[in-house]
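Okay, so here's the structure we're looking at.
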Amino acid sequence: MRALITGASAGLGAEFARQLSKMGYDLILVARREDRLKELSAELGTRTEIITMDLSLEENCYKLFESLENTKIDLLINNAGFGLFGEFTDTDLDKELNMIDLNIKSLHILTKLFLKKFKEADCGRILNVASSAAFLSGPLMATYYATKAYVLRLTDAISEELRRDKSKVYIGALCPGPVDTEFSAVAGVNFALAGIKADYCVRYALKKMFKGKKIIIPGVVVRTGVFFQRFLPYSILRRISFNIQRKKG
């Protein structure tokens, strides 16, 4: 068994690598930071290939797929992504466009290319890392929330297409709330909600993925919030969302 993990140098990506390695998966780890990938690879007990690559560049997404076209991949975890805090008029446009390229475009390309390959073989799994942010609009993190909404809706639509095709290929979206990783530091935000541990998040995600769950939401508090938000008007949800994150102190 072999898994391909993007954004594997830290956070959830690194934790997916650790837990899948313990399950016997050989790994292909993709990220920009080679030193981090080498450190992670050294602690893993299965065969690991490192690919140092910036997936926010469209051409690199195609290069990655082409380099692995003749390699059997059983599981793709599209984890690469980042966030940015601030009012929409104040945040840096170049950073936002880079975020859209990484959070949306790279995931879209890799999902399409590998899904075609998986459908031909009628096997394989794709887990796209979205966020509980996908269920809300996100004042103060507007672009990030919008990118994760794209990931969730794209993934959910594809899952229905696969179901109707009676395909054995799985695709699902992981939608955690805040997780104790370096994400908050990169985004420049402290969340009002306490974060869950990365090892719990990944353990829960893998358990539900192997059971075929299409939308995976770790943590009772976040699952409950997602359930009850359907009963609230958008005006209230926007205010709640605004108060979920606050400027990093």
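Simple scheme: letters A, B, ... for chains in structure tokens order, numbers from 1 for residues in each chain, numbers from 1 for ligands in the order shown.
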Exercise for review: Name the residues in contact with range 131-138 of chain A at a cut-off of 8 Å, using only C-alpha atoms, excluding same-chain residues fewer than 3 positions from it; report them as a ChimeraX atom specification.
Suggested key: /A:141-152,174-177,217,222,226,237-238,241-242
Excluding Arg36 in chain A and residues on its chain fewer than 6 positions from it, collect all residues at most 10 Å away from it, counting only C-alpha atoms, and give them as a CSV table (one decimal) with N, CA and C atoms, in the first residue's frame.
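Output file result-v1.csv follows:
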chain,number,residue,atom,x,y,z
A,8,ALA,N,3.2,17.7,3.5
A,8,ALA,CA,3.5,16.7,4.5
A,8,ALA,C,4.6,17.1,5.5
A,9,SER,N,5.1,18.3,5.4
A,9,SER,CA,6.3,18.7,6.2
A,9,SER,C,5.9,19.0,7.6
A,10,ALA,N,4.7,19.3,7.9
A,10,ALA,CA,4.3,19.7,9.3
A,10,ALA,C,2.8,19.5,9.5
A,14,ALA,N,2.1,15.8,8.3
A,14,ALA,CA,3.1,15.0,9.0
A,14,ALA,C,2.5,14.0,9.9
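Every protein, DNA or RNA residue with an atom at most 7 Å from range 54-56 of chain A, where only C-alpha atoms count and chain neighbours fewer than 5 positions away do not, is listed here: Ala31, Arg32, Cys61, Asn98, Asp101, Leu102 and Ser106 of chain A.
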Generate a file of the selected residues that holds N, CA and C atoms, formatted as a short mmCIF file (atom, residue, chain, number, x, y, z; two decimals), in the first residue's frame.
data_model
loop_
_atom_site.label_atom_id
_atom_site.label_comp_id
_atom_site.auth_asym_id
_atom_site.auth_seq_id
_atom_site.Cartn_x
_atom_site.Cartn_y
_atom_site.Cartn_z
N ALA A 31 6.24 18.49 -0.18
CA ALA A 31 6.17 19.80 0.48
C ALA A 31 7.33 20.65 -0.02
N ARG A 32 7.34 21.91 0.38
CA ARG A 32 8.41 22.82 -0.05
C ARG A 32 9.67 22.67 0.79
N CYS A 61 2.07 20.77 -10.28
CA CYS A 61 1.02 19.76 -10.06
C CYS A 61 1.03 18.73 -11.18
N ASN A 98 -1.92 33.40 -4.04
CA ASN A 98 -1.12 32.21 -3.81
C ASN A 98 -1.91 31.17 -3.01
N ASP A 101 -4.31 29.52 -5.33
CA ASP A 101 -3.58 28.57 -6.18
C ASP A 101 -3.30 27.27 -5.43
N LEU A 102 -2.92 27.38 -4.16
CA LEU A 102 -2.56 26.19 -3.39
C LEU A 102 -3.80 25.47 -2.86
N SER A 106 -4.36 23.67 -6.96
CA SER A 106 -3.53 22.46 -6.89
C SER A 106 -4.37 21.25 -6.49
#
Lys168 in chain A environment, 12 Å, only C-alpha atoms, sequence neighbours closer than 6 positions dropped, as a list in words:
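The residues satisfying every condition are Leu115, Phe118, Lys119, Glu120, Ala121, Asp122, Cys123, Gly124, Arg125, Ile126, Ser159, Glu161, Leu162 and Gly212 of chain A.
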Selected residues written out with N, CA and C atoms, as a PDB file, in the first residue's frame:
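Ended up saving to result-v4.pdb:
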ATOM      1  N   LEU A 115      -8.057  11.005  -9.774  1.00  0.00           N
ATOM      2  CA  LEU A 115      -9.375  10.379  -9.802  1.00  0.00           C
ATOM      3  C   LEU A 115      -9.594   9.629 -11.115  1.00  0.00           C
ATOM      4  N   PHE A 118      -7.728   6.459 -10.755  1.00  0.00           N
ATOM      5  CA  PHE A 118      -8.384   5.565  -9.808  1.00  0.00           C
ATOM      6  C   PHE A 118      -9.645   4.957 -10.421  1.00  0.00           C
ATOM      7  N   LYS A 119     -10.413   5.753 -11.160  1.00  0.00           N
ATOM      8  CA  LYS A 119     -11.646   5.244 -11.765  1.00  0.00           C
ATOM      9  C   LYS A 119     -11.353   4.161 -12.798  1.00  0.00           C
ATOM     10  N   GLU A 120     -10.289   4.333 -13.541  1.00  0.00           N
ATOM     11  CA  GLU A 120      -9.918   3.310 -14.523  1.00  0.00           C
ATOM     12  C   GLU A 120      -9.607   1.981 -13.841  1.00  0.00           C
ATOM     13  N   ALA A 121      -8.976   2.064 -12.666  1.00  0.00           N
ATOM     14  CA  ALA A 121      -8.639   0.846 -11.917  1.00  0.00           C
ATOM     15  C   ALA A 121      -9.782   0.401 -11.003  1.00  0.00           C
ATOM     16  N   ASP A 122     -10.776   1.262 -10.836  1.00  0.00           N
ATOM     17  CA  ASP A 122     -11.919   1.039  -9.940  1.00  0.00           C
ATOM     18  C   ASP A 122     -11.473   0.765  -8.508  1.00  0.00           C
ATOM     19  N   CYS A 123     -10.458   1.489  -8.079  1.00  0.00           N
ATOM     20  CA  CYS A 123     -10.007   1.409  -6.692  1.00  0.00           C
ATOM     21  C   CYS A 123      -9.179   2.649  -6.377  1.00  0.00           C
ATOM     22  N   GLY A 124      -9.045   2.938  -5.088  1.00  0.00           N
ATOM     23  CA  GLY A 124      -8.270   4.093  -4.651  1.00  0.00           C
ATOM     24  C   GLY A 124      -9.107   5.016  -3.779  1.00  0.00           C
ATOM     25  N   ARG A 125      -8.404   5.795  -2.980  1.00  0.00           N
ATOM     26  CA  ARG A 125      -9.071   6.731  -2.077  1.00  0.00           C
ATOM     27  C   ARG A 125      -8.427   8.105  -2.195  1.00  0.00           C
ATOM     28  N   ILE A 126      -9.272   9.141  -2.098  1.00  0.00           N
ATOM     29  CA  ILE A 126      -8.809  10.523  -2.046  1.00  0.00           C
ATOM     30  C   ILE A 126      -9.449  11.183  -0.844  1.00  0.00           C
ATOM     31  N   SER A 159     -18.294  12.870  -4.951  1.00  0.00           N
ATOM     32  CA  SER A 159     -18.695  11.643  -4.248  1.00  0.00           C
ATOM     33  C   SER A 159     -20.046  11.135  -4.742  1.00  0.00           C
ATOM     34  N   GLU A 161     -21.247  11.681  -7.823  1.00  0.00           N
ATOM     35  CA  GLU A 161     -20.997  11.138  -9.156  1.00  0.00           C
ATOM     36  C   GLU A 161     -20.451   9.713  -9.057  1.00  0.00           C
ATOM     37  N   LEU A 162     -19.528   9.492  -8.135  1.00  0.00           N
ATOM     38  CA  LEU A 162     -18.963   8.152  -7.961  1.00  0.00           C
ATOM     39  C   LEU A 162     -20.022   7.160  -7.488  1.00  0.00           C
ATOM     40  N   GLY A 212     -15.876   4.746   4.916  1.00  0.00           N
ATOM     41  CA  GLY A 212     -16.590   5.309   3.790  1.00  0.00           C
ATOM     42  C   GLY A 212     -17.323   6.601   4.054  1.00  0.00           C
TER      43      GLY A 212
END
| query | A:Gln19, A:Pro139, A:Phe210, A:Lys63: which is nearest Asn243 in chain A, counting only C-alpha atoms? | reply |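 Among the listed residues, the smallest separation from Asn243 in chain A belongs to A:Pro139.
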Exercise. Would you mind writing down, as a VMD selection string, each residue of range 57-218 of chain A that DSSP on the backbone assigns to helix (DSSP H, G or I)?
Key: chain A and resid 58 to 68 93 to 121 132 to 135 142 to 164 183 to 187 198 to 210
Exercise. To one decimal place, how far is CA of Met1 in chain A from CA of Ala157 in chain A in Å?
Worked result: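 Computing it gives 26.8 Å between the two atoms.
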Notebook entry, point to check: Which of range 23-173 of chain A counts as strand (DSSP E or B) under DSSP, as a ChimeraX atom specification please?
Noted result: /A:26-31,48-52,75-78,125-129,170-173
Selection near Ala205 in chain A, 10 Å with only C-alpha atoms, sequence-local residues under 5 positions removed, as a list of chain:residue names
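Skipping anything fewer than 5 positions along the chain leaves A:Phe16, A:Leu127, A:Val129, A:Gly172, A:Ala173, A:Leu174, A:Cys175, A:Pro176, A:Asp199, A:Tyr200, A:Phe210, A:Lys211, A:Lys213, A:Ile215, A:Ile216, A:Ile217, A:Pro218.
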Could you dump the residues just selected with N, CA and C atoms as a compact mmCIF listing (two decimals), in the first residue's frame?
# COMPACT_ATOMS: atom_id res chain seq x y z
N PHE A 16 -0.49 12.57 9.37
CA PHE A 16 -1.00 11.53 8.47
C PHE A 16 0.13 10.56 8.10
N LEU A 127 -8.62 11.76 0.02
CA LEU A 127 -9.11 12.53 1.16
C LEU A 127 -8.65 13.96 0.99
N VAL A 129 -8.45 17.69 2.41
CA VAL A 129 -8.52 18.38 3.70
C VAL A 129 -9.18 19.73 3.50
N GLY A 172 -13.53 11.83 -0.02
CA GLY A 172 -14.16 12.45 1.13
C GLY A 172 -13.45 13.73 1.52
N ALA A 173 -14.11 14.51 2.37
CA ALA A 173 -13.57 15.79 2.83
C ALA A 173 -13.42 15.77 4.34
N LEU A 174 -12.24 16.10 4.81
CA LEU A 174 -11.98 16.25 6.24
C LEU A 174 -12.21 17.70 6.62
N CYS A 175 -13.10 17.93 7.59
CA CYS A 175 -13.51 19.29 7.96
C CYS A 175 -13.30 19.54 9.46
N PRO A 176 -12.07 19.63 9.91
CA PRO A 176 -11.84 19.88 11.33
C PRO A 176 -12.03 21.34 11.69
N ASP A 199 -2.97 14.41 16.41
CA ASP A 199 -3.02 12.95 16.35
C ASP A 199 -4.45 12.43 16.46
N TYR A 200 -5.27 13.10 17.30
CA TYR A 200 -6.68 12.71 17.39
C TYR A 200 -7.39 12.99 16.08
N PHE A 210 -11.91 5.01 6.21
CA PHE A 210 -11.95 3.58 5.90
C PHE A 210 -13.35 3.00 6.05
N LYS A 211 -14.22 3.70 6.76
CA LYS A 211 -15.62 3.28 6.87
C LYS A 211 -16.48 3.89 5.77
N LYS A 213 -17.08 7.23 5.21
CA LYS A 213 -17.73 8.50 5.54
C LYS A 213 -17.26 9.57 4.57
N ILE A 215 -18.13 13.12 4.57
CA ILE A 215 -17.79 14.39 5.21
C ILE A 215 -17.42 14.10 6.65
N ILE A 216 -16.16 14.34 7.00
CA ILE A 216 -15.61 13.91 8.29
C ILE A 216 -15.34 15.14 9.14
N ILE A 217 -15.98 15.20 10.31
CA ILE A 217 -15.85 16.36 11.19
C ILE A 217 -15.40 15.88 12.57
N PRO A 218 -14.12 15.97 12.88
CA PRO A 218 -13.64 15.53 14.20
C PRO A 218 -14.07 16.50 15.30
Taken to one decimal, the CA of Gly45 in chain A-CA of Leu20 in chain A distance is 10.0 Å
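Candidate residues A:Met53, A:Asp35, A:Leu113, A:Leu140 were compared for distance to Leu84 in chain A, and the nearest is A:Leu140, using only C-alpha atoms.
Using only C-alpha atoms, the smallest distance between any of A:Val30, A:Leu64, A:Val202, A:Met99 and Arg18 in chain A comes from A:Val202.
In this model, the gap between CA of Lys197 in chain A and CA of Leu27 in chain A comes to 22.4 Å.
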(message) I need the residue nearest Phe65 in chain A from this list: A:Ile51, A:Ala80, A:Ile28, A:Leu110. Use only C-alpha atoms for the distance.
(response)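 Between A:Ile51, A:Ala80, A:Ile28, A:Leu110, the residue approaching Phe65 in chain A most closely is A:Leu110.
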